[in-house]
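Peer 1: Below is the structure I would like to discuss, written out as structure tokens.
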Amino acid sequence: MSASTRIPPIAQPFVSERAKKTLDLVEEFVEKDCIPGDAVFSAELGEGEKRWQTTPVIMEQLKEKAKKLGLWNMFLSKTHFKQGAGFSNLEYGLMAELLGKSKIASEATNNAAPDTGNMEVLAKYGNDAQKQQWLTPLLEGKIRSAFLMTEPDVASSDATNIELEIRREGNEYVLNGSKWWSSGAGDPRCQIYLVMGKSDPHNSDTYKQQSVVLVPAGTRGVTVHRMLHVYGYDDAPHGHGHITFENVRVPLSAMVLGEGRGFEIIQGRLGPGRIHHAMRTIGAAEKALEWMINRINDDKKQTFGKPLASHGVILEWVAKSRIEVDSARLIVLNAAIKIDQGDAKSALKEIAQAKVLVPQTALTIIDRAVQAYGAAGVCQDTPLAYLWAGIRTLRIADGPDEVHLQQLGRRENRSRKDAIAAKLKWQREESDRLLLAAGFKAKSHL
Ligand SMILES: Cc1cc2nc3c(=O)[nH]c(=O)nc-3n(C[C@H](O)[C@H](O)[C@H](O)COP(=O)(O)OP(=O)(O)OC[C@H]3O[C@@H](n4cnc5c(N)ncnc54)[C@H](O)[C@@H]3O)c2cc1C
């Protein structure tokens with residue numbers, strides 16, 4: 001069954017014939033070129049310092065092939081951008097699931113974070129000169145980028161805490177401070193940082209204190225100290241940088257959108273990006289399930305005289321995983337449809353639901369697959385350990401679960417409490433009235 005025939009019925013009316021054809025092309029590209037290419041990519045990266053200086057040849061070859069197939073920049077939705085491949089968020093969401101099954105497929109099709117979010121920022125908020133200098137080469141896949149918000153010295157899930165100073169001096173801004181978890185900063189092709197800092201720390205509106213400026217990598221005063229590991233994985237060549245800024249000077253033209261508009265930018269940046277992550281994560285969960293099914297039917301590795309698939313509990317893992325991944329996918333597709341019908345702001349609730357639910361679901365499924373493999377599941381002989389580590393970070397990155405749950409809970413409570421109280425009161429009174437009318441005693445209710 002090809003990918004286009006597996007589209008959930010609920011989403012089918014929103015998917016064009018062109019998107020269906022592209023979806024099948026994406027599947028073939030991922031399964032036949034990218035997944036086998038994952039190992040080549042790792043081998044070409046090699047060991048030690050070389051990992052941060054190399055662009056594996058296979059990546060450029062795959063990019064060429066993807067461009068020829070028309071599999072390029074699918075993430076920029078047709079509803080909100082003119083620069084993309086002309087798909088909706090829902091259509092790209094279905095493609096992102098397939099991309100999520102390979103380490104390299106997203107970059108090979110120029111749909112990789114953080115460039116995707118950064119391109120959206122530049123397309124949405126950048127001026128013509130900024131677009132020409134940075135957006136064009138990013139769209140062409142010639143350079144890479146990083147978004148620098150999180151800081152080592154403050155709790156960054158509350159972005160009002162951000163401290164990096166952006167001080168205006170004559171015709172320049174001067175930046176001082178430190179950043180970490182700057183994903184993508186390790187790549188030798190990373191040429192531009194989008195840096196969030198405080199340009200007006202005393203503004204009485206705490207959401208107007210921040211700005212985003214464009215800082216070319218290698219600007220004097222920028223020091224990349226080290227790359228942080230994720231459960232021991234270095235994620236080279238992409239990496240997660242710890243970077244300091246010491247009297248870094250950029251021209252006033254480096255400001256994106258305007259002083260004090262930083263919050264607006266980060267909020268605009270994260271909506272569709274969260275859906276992309278969530279759909280790639282669904283793909284990772286599907287991959288884990290495939291690996292699990294392969295192991296439990298391995299006749300060479302039987303326990304107590306029968307393959308694992310003959311043990312009831314193992315089939316229950318398969319069944320539960322199928323239920324969980326299918327229901328999580330619907331939550332994400334629903335959020336994508338909501339964005340397509342309005343914008344990311346009108347879909348905050350649906351995006352938050354997907355952002356929280358999907359990584360937790362995928363982690364459970366990957367964990368079952370690991371268990372099915374026994375010790376092999378935790379080592380480098382399957383993709384499972386690496387998948388687990390990467391997806392575990394999604395419960396923290398782009399805002400931890402607790403922050404999204406708090407906002408979801410607050411919104412649900414605030415928007416419904418009065419209407420629910422009024423409805424329940426009316427129902428109690430109506431029930432009493434009906435009881436009395438039928439000759440019974442009215443109940444005493446809470
Ligand atoms: C792999 C990876 C890649 C990343 N890439 C980037 C990047 O490219 N650019 C970038 O700027 N940042 C990036 N980050 C950083 C990420 O966005 C932050 O780690 C995240 O926003 C949380 O901030 P913090 O680490 O400062 O945690 P803190 O803000 O210190 O929070 C710590 C913990 O406190 C708890 N908590 C927070 N708020 C609440 C609350 N309201 N109620 C209850 N508990 C709460 C949560 O459990 C949270 O995990 C990345 C992180 C990872 C792991």
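Residue numbering restarts at 1 for every chain of the structure tokens, chains are lettered A, B, ... in their displayed order, and ligands are numbered from 1 as they appear.
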Give the residue list for ligand 1 at 9 Å, counting only C-alpha atoms and all ligand atoms, as a PyMOL selection string, sorted by chain and then by residue number.

Peer 2: chain A and resi 113-114+146-159+161+179-185+195-196+228-230+235+239-241+389-407

Peer 1: Go ahead and save the picked residues with N, CA and C atoms, as a compact mmCIF listing (two decimals), in the first residue's frame.

Peer 2:
# COMPACT_ATOMS: atom_id res chain seq x y z
N ALA A 113 14.92 21.28 10.28
CA ALA A 113 15.04 22.30 11.32
C ALA A 113 16.52 22.47 11.65
N PRO A 114 16.95 23.64 12.13
CA PRO A 114 16.14 24.82 12.37
C PRO A 114 15.99 25.73 11.15
N ALA A 146 21.09 28.97 12.37
CA ALA A 146 20.75 28.54 13.73
C ALA A 146 19.90 29.61 14.39
N PHE A 147 19.07 29.18 15.33
CA PHE A 147 18.24 30.13 16.08
C PHE A 147 18.71 30.11 17.54
N LEU A 148 19.17 31.27 18.03
CA LEU A 148 19.81 31.31 19.34
C LEU A 148 18.92 32.04 20.33
N MET A 149 18.22 31.28 21.15
CA MET A 149 17.40 31.89 22.18
C MET A 149 17.82 31.41 23.57
N THR A 150 17.93 30.12 23.77
CA THR A 150 18.16 29.54 25.10
C THR A 150 19.52 29.96 25.66
N GLU A 151 19.53 30.24 26.98
CA GLU A 151 20.77 30.69 27.63
C GLU A 151 21.10 29.79 28.82
N PRO A 152 22.39 29.59 29.09
CA PRO A 152 22.78 28.69 30.18
C PRO A 152 22.46 29.25 31.57
N ASP A 153 22.37 30.55 31.71
CA ASP A 153 22.26 31.12 33.06
C ASP A 153 20.83 31.43 33.51
N VAL A 154 19.86 31.24 32.63
CA VAL A 154 18.47 31.52 33.04
C VAL A 154 17.56 30.38 32.60
N ALA A 155 16.40 30.26 33.28
CA ALA A 155 15.41 29.25 32.89
C ALA A 155 14.74 29.76 31.61
N SER A 156 15.12 29.19 30.49
CA SER A 156 14.76 29.77 29.20
C SER A 156 13.39 29.35 28.70
N SER A 157 12.73 28.40 29.41
CA SER A 157 11.38 28.06 28.97
C SER A 157 10.45 29.25 29.21
N ASP A 158 10.87 30.16 30.07
CA ASP A 158 10.18 31.44 30.21
C ASP A 158 11.02 32.48 29.48
N ALA A 159 10.63 32.76 28.23
CA ALA A 159 11.50 33.57 27.37
C ALA A 159 11.65 35.01 27.86
N ASN A 161 12.87 35.68 30.52
CA ASN A 161 14.12 35.65 31.30
C ASN A 161 15.37 35.92 30.46
N LYS A 179 24.73 31.94 24.91
CA LYS A 179 23.64 31.09 24.41
C LYS A 179 24.11 29.64 24.43
N TRP A 180 23.17 28.73 24.60
CA TRP A 180 23.51 27.32 24.38
C TRP A 180 22.35 26.59 23.75
N TRP A 181 22.60 25.34 23.40
CA TRP A 181 21.63 24.56 22.62
C TRP A 181 21.28 25.25 21.31
N SER A 182 22.31 25.84 20.70
CA SER A 182 22.12 26.51 19.41
C SER A 182 22.26 25.44 18.33
N SER A 183 21.15 24.80 18.00
CA SER A 183 21.18 23.66 17.08
C SER A 183 21.56 24.11 15.68
N GLY A 184 22.43 23.34 15.07
CA GLY A 184 22.86 23.63 13.71
C GLY A 184 24.13 24.45 13.64
N ALA A 185 24.55 25.00 14.79
CA ALA A 185 25.72 25.90 14.79
C ALA A 185 27.02 25.15 14.54
N VAL A 195 19.48 35.75 16.45
CA VAL A 195 19.78 35.83 17.89
C VAL A 195 18.70 36.65 18.60
N MET A 196 18.11 36.04 19.63
CA MET A 196 17.11 36.77 20.41
C MET A 196 17.78 37.32 21.67
N LEU A 228 27.25 20.50 22.57
CA LEU A 228 26.63 19.71 23.65
C LEU A 228 26.14 18.38 23.09
N HIS A 229 26.27 17.35 23.90
CA HIS A 229 25.84 16.01 23.46
C HIS A 229 24.42 15.71 23.94
N VAL A 230 23.69 14.92 23.17
CA VAL A 230 22.35 14.47 23.57
C VAL A 230 22.46 12.99 23.94
N ASP A 235 25.38 14.51 17.42
CA ASP A 235 24.53 15.06 16.35
C ASP A 235 25.33 15.83 15.30
N GLY A 239 24.97 19.59 15.30
CA GLY A 239 25.43 19.95 16.63
C GLY A 239 24.57 20.95 17.37
N HIS A 240 24.85 21.08 18.66
CA HIS A 240 24.12 22.02 19.52
C HIS A 240 25.18 22.86 20.23
N GLY A 241 25.35 24.11 19.79
CA GLY A 241 26.49 24.91 20.24
C GLY A 241 26.27 25.67 21.52
N ALA A 389 16.71 8.74 21.97
CA ALA A 389 17.43 9.91 22.51
C ALA A 389 16.94 11.19 21.83
N GLY A 390 16.82 11.13 20.52
CA GLY A 390 16.40 12.33 19.79
C GLY A 390 15.00 12.76 20.18
N ILE A 391 14.12 11.80 20.30
CA ILE A 391 12.71 12.16 20.56
C ILE A 391 12.51 12.55 22.03
N ARG A 392 13.34 12.00 22.90
CA ARG A 392 13.23 12.41 24.31
C ARG A 392 13.45 13.93 24.45
N THR A 393 14.31 14.48 23.61
CA THR A 393 14.59 15.91 23.73
C THR A 393 13.37 16.76 23.36
N LEU A 394 12.45 16.18 22.58
CA LEU A 394 11.29 16.97 22.15
C LEU A 394 10.32 17.25 23.30
N ARG A 395 10.51 16.55 24.42
CA ARG A 395 9.68 16.87 25.58
C ARG A 395 10.21 18.12 26.29
N ILE A 396 11.39 18.59 25.84
CA ILE A 396 12.00 19.79 26.44
C ILE A 396 12.15 20.90 25.40
N ALA A 397 12.69 20.53 24.23
CA ALA A 397 12.97 21.55 23.20
C ALA A 397 11.67 22.21 22.73
N ASP A 398 11.79 23.47 22.28
CA ASP A 398 10.62 24.26 21.86
C ASP A 398 9.62 24.41 23.00
N GLY A 399 10.10 24.43 24.23
CA GLY A 399 9.22 24.57 25.38
C GLY A 399 8.88 23.23 25.98
N PRO A 400 9.17 23.04 27.29
CA PRO A 400 8.89 21.75 27.93
C PRO A 400 7.39 21.45 28.02
N ASP A 401 7.10 20.15 28.15
CA ASP A 401 5.70 19.70 28.24
C ASP A 401 4.90 20.53 29.25
N GLU A 402 5.53 20.76 30.42
CA GLU A 402 4.78 21.40 31.51
C GLU A 402 4.26 22.78 31.12
N VAL A 403 5.06 23.50 30.34
CA VAL A 403 4.65 24.86 29.95
C VAL A 403 3.44 24.79 29.01
N HIS A 404 3.50 23.85 28.05
CA HIS A 404 2.37 23.71 27.12
C HIS A 404 1.13 23.21 27.85
N LEU A 405 1.34 22.28 28.79
CA LEU A 405 0.18 21.75 29.53
C LEU A 405 -0.44 22.85 30.39
N GLN A 406 0.42 23.66 30.99
CA GLN A 406 -0.11 24.75 31.82
C GLN A 406 -0.97 25.70 30.98
N GLN A 407 -0.44 26.04 29.78
CA GLN A 407 -1.21 26.96 28.93
C GLN A 407 -2.50 26.32 28.44

Peer 1: As a PyMOL selection string, please: the residues near Ile293 in chain A (cut-off 12 Å, only C-alpha atoms, same-chain neighbours under 6 positions excluded).

Peer 2: chain A and resi 286-287+307-310+314-319+321-322+365-366+368-370+372-373

Peer 1: Tell me, as a ChimeraX atom specification, which residues lie within 12 Å of Thr136 in chain A, counting only C-alpha atoms; anything in the same chain fewer than 2 positions away does not count.

Peer 2: /A:73,83-84,115,118-120,122-123,126,128-134,138-144

Peer 1: Generate a file of the selected residues that holds N, CA and C atoms, formatted as a short mmCIF file (atom, residue, chain, number, x, y, z; two decimals), in the first residue's frame.

Peer 2:
data_model
loop_
_atom_site.label_atom_id
_atom_site.label_comp_id
_atom_site.auth_asym_id
_atom_site.auth_seq_id
_atom_site.Cartn_x
_atom_site.Cartn_y
_atom_site.Cartn_z
N ASN A 73 11.74 22.07 -0.36
CA ASN A 73 11.04 23.15 0.36
C ASN A 73 9.53 22.91 0.47
N GLN A 83 7.03 31.22 -1.42
CA GLN A 83 8.33 30.68 -1.86
C GLN A 83 8.42 29.14 -1.88
N GLY A 84 7.41 28.44 -1.36
CA GLY A 84 7.54 26.99 -1.19
C GLY A 84 7.12 26.18 -2.40
N ASP A 115 16.55 25.29 10.00
CA ASP A 115 16.47 26.17 8.82
C ASP A 115 15.02 26.47 8.44
N ASN A 118 13.69 29.16 10.53
CA ASN A 118 14.41 30.40 10.23
C ASN A 118 14.00 30.97 8.87
N MET A 119 13.77 30.08 7.92
CA MET A 119 13.30 30.56 6.61
C MET A 119 11.91 31.18 6.74
N GLU A 120 11.08 30.56 7.60
CA GLU A 120 9.74 31.13 7.80
C GLU A 120 9.85 32.53 8.39
N LEU A 122 12.35 34.65 8.10
CA LEU A 122 12.86 35.60 7.11
C LEU A 122 11.80 35.90 6.05
N ALA A 123 11.05 34.86 5.65
CA ALA A 123 10.02 35.07 4.63
C ALA A 123 8.89 35.96 5.17
N GLY A 126 11.31 39.29 7.38
CA GLY A 126 12.53 39.91 6.87
C GLY A 126 12.23 40.99 5.84
N ASP A 128 13.54 43.19 2.27
CA ASP A 128 14.02 42.66 0.97
C ASP A 128 15.51 42.32 1.02
N ALA A 129 16.29 43.21 1.66
CA ALA A 129 17.74 42.97 1.69
C ALA A 129 18.05 41.72 2.51
N GLN A 130 17.37 41.56 3.64
CA GLN A 130 17.60 40.36 4.47
C GLN A 130 17.21 39.10 3.73
N LYS A 131 16.11 39.22 3.00
CA LYS A 131 15.66 38.04 2.25
C LYS A 131 16.69 37.66 1.19
N GLN A 132 17.17 38.69 0.49
CA GLN A 132 18.12 38.41 -0.58
C GLN A 132 19.41 37.80 -0.03
N GLN A 133 19.89 38.39 1.08
CA GLN A 133 21.18 37.92 1.61
C GLN A 133 21.09 36.54 2.26
N TRP A 134 19.98 36.26 2.98
CA TRP A 134 19.94 35.02 3.77
C TRP A 134 18.87 34.04 3.34
N LEU A 138 19.32 30.09 1.71
CA LEU A 138 18.72 29.03 2.55
C LEU A 138 17.71 28.22 1.74
N LEU A 139 16.89 28.93 0.97
CA LEU A 139 15.90 28.23 0.13
C LEU A 139 16.58 27.34 -0.91
N GLU A 140 17.77 27.77 -1.34
CA GLU A 140 18.49 26.96 -2.34
C GLU A 140 19.29 25.83 -1.70
N GLY A 141 19.32 25.81 -0.36
CA GLY A 141 20.07 24.76 0.34
C GLY A 141 21.57 24.96 0.27
N LYS A 142 22.00 26.23 0.07
CA LYS A 142 23.45 26.48 -0.07
C LYS A 142 24.11 26.75 1.27
N ILE A 143 23.33 27.29 2.23
CA ILE A 143 23.89 27.58 3.56
C ILE A 143 22.94 27.00 4.60
N ARG A 144 23.40 27.01 5.88
CA ARG A 144 22.52 26.59 6.96
C ARG A 144 22.48 27.70 8.01
#

Peer 1: List the spatial neighbours of Arg261 in chain A as a PDB file with C-alpha atoms, in the first residue's frame - criterion: any atom at most 10 Å away, only C-alpha atoms, same-chain residues fewer than 2 positions off excluded.

Peer 2:
ATOM      1  CA  TYR A 125       9.324  39.226   8.822  1.00  0.00           C
ATOM      2  CA  SER A 199      17.068  45.558  23.451  1.00  0.00           C
ATOM      3  CA  TYR A 207       6.857  41.128  26.018  1.00  0.00           C
ATOM      4  CA  LYS A 208       8.273  44.192  24.251  1.00  0.00           C
ATOM      5  CA  GLN A 209      11.775  44.004  25.720  1.00  0.00           C
ATOM      6  CA  GLN A 210      13.115  41.465  23.214  1.00  0.00           C
ATOM      7  CA  SER A 211      14.405  41.696  19.663  1.00  0.00           C
ATOM      8  CA  VAL A 212      15.845  39.321  17.080  1.00  0.00           C
ATOM      9  CA  MET A 255      17.337  43.968  13.165  1.00  0.00           C
ATOM     10  CA  VAL A 256      14.442  41.735  12.110  1.00  0.00           C
ATOM     11  CA  LEU A 257      11.020  43.395  11.952  1.00  0.00           C
ATOM     12  CA  GLY A 258      11.885  46.107  14.485  1.00  0.00           C
ATOM     13  CA  GLU A 259      13.063  46.636  18.047  1.00  0.00           C
ATOM     14  CA  PHE A 263       8.273  37.799  21.082  1.00  0.00           C
ATOM     15  CA  GLU A 264       6.074  38.221  18.067  1.00  0.00           C
ATOM     16  CA  ILE A 265       8.784  36.572  15.977  1.00  0.00           C
ATOM     17  CA  ILE A 266       9.332  33.563  18.239  1.00  0.00           C
TER      18      ILE A 266
END

Peer 1: Please return as a PyMOL selection string: the residues of range 218-329 of chain A that backbone DSSP assigns to alpha helix (DSSP H).

Peer 2: chain A and resi 262-296+312-329

Peer 1: Would you save the residues of that selection, restricted to C-alpha atoms, as an mmCIF file, in the first residue's frame?

Peer 2:
data_model
loop_
_atom_site.group_PDB
_atom_site.id
_atom_site.type_symbol
_atom_site.label_atom_id
_atom_site.label_comp_id
_atom_site.auth_asym_id
_atom_site.auth_seq_id
_atom_site.Cartn_x
_atom_site.Cartn_y
_atom_site.Cartn_z
ATOM 1 C CA GLY A 262 11.191 39.519 19.364
ATOM 2 C CA PHE A 263 8.273 37.799 21.082
ATOM 3 C CA GLU A 264 6.074 38.221 18.067
ATOM 4 C CA ILE A 265 8.784 36.572 15.977
ATOM 5 C CA ILE A 266 9.332 33.563 18.239
ATOM 6 C CA GLN A 267 5.613 32.987 18.491
ATOM 7 C CA GLY A 268 5.166 33.211 14.725
ATOM 8 C CA ARG A 269 8.129 30.869 14.230
ATOM 9 C CA LEU A 270 7.044 27.960 16.325
ATOM 10 C CA GLY A 271 3.531 27.082 15.157
ATOM 11 C CA PRO A 272 4.039 25.097 11.950
ATOM 12 C CA GLY A 273 7.499 23.960 13.159
ATOM 13 C CA ARG A 274 5.925 22.071 16.007
ATOM 14 C CA ILE A 275 3.680 20.243 13.562
ATOM 15 C CA HIS A 276 6.692 19.331 11.416
ATOM 16 C CA HIS A 277 8.505 17.893 14.464
ATOM 17 C CA ALA A 278 5.376 16.039 15.519
ATOM 18 C CA MET A 279 4.847 14.443 12.109
ATOM 19 C CA ARG A 280 8.513 13.436 11.805
ATOM 20 C CA THR A 281 8.096 11.880 15.235
ATOM 21 C CA ILE A 282 5.103 9.884 14.023
ATOM 22 C CA GLY A 283 7.406 8.601 11.270
ATOM 23 C CA ALA A 284 9.994 7.609 13.877
ATOM 24 C CA ALA A 285 7.310 5.744 15.832
ATOM 25 C CA GLU A 286 6.249 3.899 12.655
ATOM 26 C CA LYS A 287 9.878 2.990 12.044
ATOM 27 C CA ALA A 288 10.217 1.625 15.595
ATOM 28 C CA LEU A 289 7.088 -0.459 15.048
ATOM 29 C CA GLU A 290 8.506 -1.845 11.792
ATOM 30 C CA TRP A 291 11.709 -2.845 13.596
ATOM 31 C CA MET A 292 9.703 -4.402 16.419
ATOM 32 C CA ILE A 293 7.610 -6.485 14.014
ATOM 33 C CA ASN A 294 10.778 -7.649 12.297
ATOM 34 C CA ARG A 295 12.349 -8.793 15.572
ATOM 35 C CA ILE A 296 9.319 -10.576 16.995
ATOM 36 C CA GLY A 312 0.333 -12.794 23.803
ATOM 37 C CA VAL A 313 1.941 -9.878 25.582
ATOM 38 C CA ILE A 314 4.103 -9.070 22.567
ATOM 39 C CA LEU A 315 1.136 -8.983 20.210
ATOM 40 C CA GLU A 316 -0.517 -6.669 22.685
ATOM 41 C CA TRP A 317 2.496 -4.327 22.355
ATOM 42 C CA VAL A 318 2.012 -4.351 18.584
ATOM 43 C CA ALA A 319 -1.698 -3.659 18.890
ATOM 44 C CA LYS A 320 -1.281 -0.884 21.438
ATOM 45 C CA SER A 321 1.452 0.706 19.342
ATOM 46 C CA ARG A 322 -0.775 0.685 16.272
ATOM 47 C CA ILE A 323 -3.639 2.286 18.194
ATOM 48 C CA GLU A 324 -1.363 4.916 19.728
ATOM 49 C CA VAL A 325 0.469 5.933 16.580
ATOM 50 C CA ASP A 326 -2.749 6.128 14.541
ATOM 51 C CA SER A 327 -4.498 8.274 17.136
ATOM 52 C CA ALA A 328 -1.476 10.546 17.617
ATOM 53 C CA ARG A 329 -1.308 11.081 13.851
#

Peer 1: Please identify all polymer residues within 8 Å of Glu91 in chain A, counting only C-alpha atoms, omitting same-chain residues fewer than 6 positions from it, and present them as a list in words.

Peer 2: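 Result of the neighbour search: Phe14, Val15 and Ala19 of chain A.
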
Peer 1: What gap, in Å, lies between CA of Pro188 in chain A and CA of Pro237 in chain A?

Peer 2: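 These two atoms are separated by 7.5 Å.
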
Peer 1: Taking only C-alpha atoms into account, name the residue in A:Ser102, A:Ser431, A:Gln353, A:Gln61 that is nearest to Gly409 in chain A.

Peer 2: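 Of the candidates, the smallest distance to Gly409 in chain A is held by A:Gln353.
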
Peer 1: Could you list, as a ChimeraX atom specification, every residue within 8 Å of range 27-29 of chain A, counting only C-alpha atoms and ignoring same-chain residues fewer than 5 positions away?

Peer 2: /A:2-3,34,66,95,98-99

Peer 1: Include N, CA and C atoms and write out the residues we just selected as a JSON list (two decimals), in the first residue's frame.

Peer 2:
[["chain", "number", "residue", "atom", "x", "y", "z"],
["A", 2, "SER", "N", 0.69, 2.09, -1.01],
["A", 2, "SER", "CA", 1.53, 3.29, -1.07],
["A", 2, "SER", "C", 1.04, 4.34, -0.07],
["A", 3, "ALA", "N", 1.90, 5.33, 0.18],
["A", 3, "ALA", "CA", 1.59, 6.35, 1.20],
["A", 3, "ALA", "C", 0.27, 7.05, 0.91],
["A", 34, "CYS", "N", 17.19, 7.41, 1.03],
["A", 34, "CYS", "CA", 17.65, 8.04, 2.28],
["A", 34, "CYS", "C", 17.95, 7.02, 3.38],
["A", 66, "ALA", "N", 16.75, 15.04, -5.05],
["A", 66, "ALA", "CA", 15.47, 15.54, -4.51],
["A", 66, "ALA", "C", 14.97, 16.73, -5.34],
["A", 95, "MET", "N", 3.93, 14.31, 4.40],
["A", 95, "MET", "CA", 5.27, 14.05, 3.85],
["A", 95, "MET", "C", 6.31, 14.01, 4.96],
["A", 98, "LEU", "N", 6.99, 10.76, 6.62],
["A", 98, "LEU", "CA", 7.88, 9.85, 5.88],
["A", 98, "LEU", "C", 9.34, 10.29, 6.04],
["A", 99, "LEU", "N", 9.57, 11.60, 6.00],
["A", 99, "LEU", "CA", 10.94, 12.12, 6.16],
["A", 99, "LEU", "C", 11.51, 11.72, 7.52]]

Peer 1: Between A:Val358, A:Tyr92, A:Gly186, A:Gln302, which residue has the minimum interatomic distance to Arg18 in chain A, considering only C-alpha atoms?

Peer 2: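 The closest residue to Arg18 in chain A is A:Tyr92.
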
Peer 1: Take CA of Ile337 in chain A and CA of Asn89 in chain A and report the distance between them in Å, one decimal.

Peer 2: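 Interatomic distance, CA of Ile337 in chain A to CA of Asn89 in chain A: 7.0 Å.
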
Peer 1: If I take CA of Asp200 in chain A and CA of Glu165 in chain A, how far is one from the other in Å, to one decimal?

Peer 2: 8.8 Å

Peer 1: Between A:Trp72, A:Lys124, A:Lys82, A:His242, which residue has the minimum interatomic distance to Ser106 in chain A, considering only C-alpha atoms?

Peer 2: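 The closest residue to Ser106 in chain A is A:Trp72.
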
Peer 1: Pick the closest to Lys65 in chain A from A:Leu194, A:Ala376, A:Leu25, A:Leu363: which is it, counting only C-alpha atoms?

Peer 2: A:Leu25

Peer 1: Would you mind writing down, as a list in words, each residue of range 202-288 of chain A that DSSP on the backbone assigns to strand (DSSP E)?

Peer 2: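 Matching residues, listed in order: Gln210, Ser211, Val212, Val213, Leu214, Val215, Pro216, Val222, Thr223, Val224, His225, Arg226, Met227, His240, Gly241, His242, Ile243, Thr244, Phe245, Glu246, Asn247, Val248, Arg249, Val250 and Pro251 of chain A.
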
Peer 1: Those selected residues, please, written with C-alpha atoms and delivered as a short mmCIF file (atom, residue, chain, number, x, y, z; two decimals), in the first residue's frame.

Peer 2:
data_model
loop_
_atom_site.label_atom_id
_atom_site.label_comp_id
_atom_site.auth_asym_id
_atom_site.auth_seq_id
_atom_site.Cartn_x
_atom_site.Cartn_y
_atom_site.Cartn_z
CA GLN A 210 13.11 41.46 23.21
CA SER A 211 14.40 41.70 19.66
CA VAL A 212 15.85 39.32 17.08
CA VAL A 213 18.97 40.31 15.15
CA LEU A 214 20.88 38.59 12.35
CA VAL A 215 24.49 37.82 13.20
CA PRO A 216 26.74 36.20 10.58
CA VAL A 222 31.43 35.39 18.65
CA THR A 223 33.02 32.29 20.21
CA VAL A 224 31.68 28.77 19.73
CA HIS A 225 33.01 27.04 22.85
CA ARG A 226 31.75 23.48 22.51
CA MET A 227 29.07 21.21 21.13
CA HIS A 240 24.12 22.02 19.52
CA GLY A 241 26.49 24.91 20.24
CA HIS A 242 27.43 26.77 23.39
CA ILE A 243 28.27 30.23 22.12
CA THR A 244 29.28 33.53 23.73
CA PHE A 245 28.95 37.07 22.41
CA GLU A 246 31.51 39.62 23.55
CA ASN A 247 30.98 43.13 22.16
CA VAL A 248 29.70 41.68 18.89
CA ARG A 249 28.83 44.50 16.51
CA VAL A 250 26.23 44.32 13.74
CA PRO A 251 24.71 47.14 11.66
#

Peer 1: Which residue is closest to Tyr386 in chain A? Choose from A:Ser253, A:Gln191, A:Asp340, A:Asp367 and count only C-alpha atoms.

Peer 2: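 Counting only C-alpha atoms, the residue closest to Tyr386 in chain A is A:Asp367.
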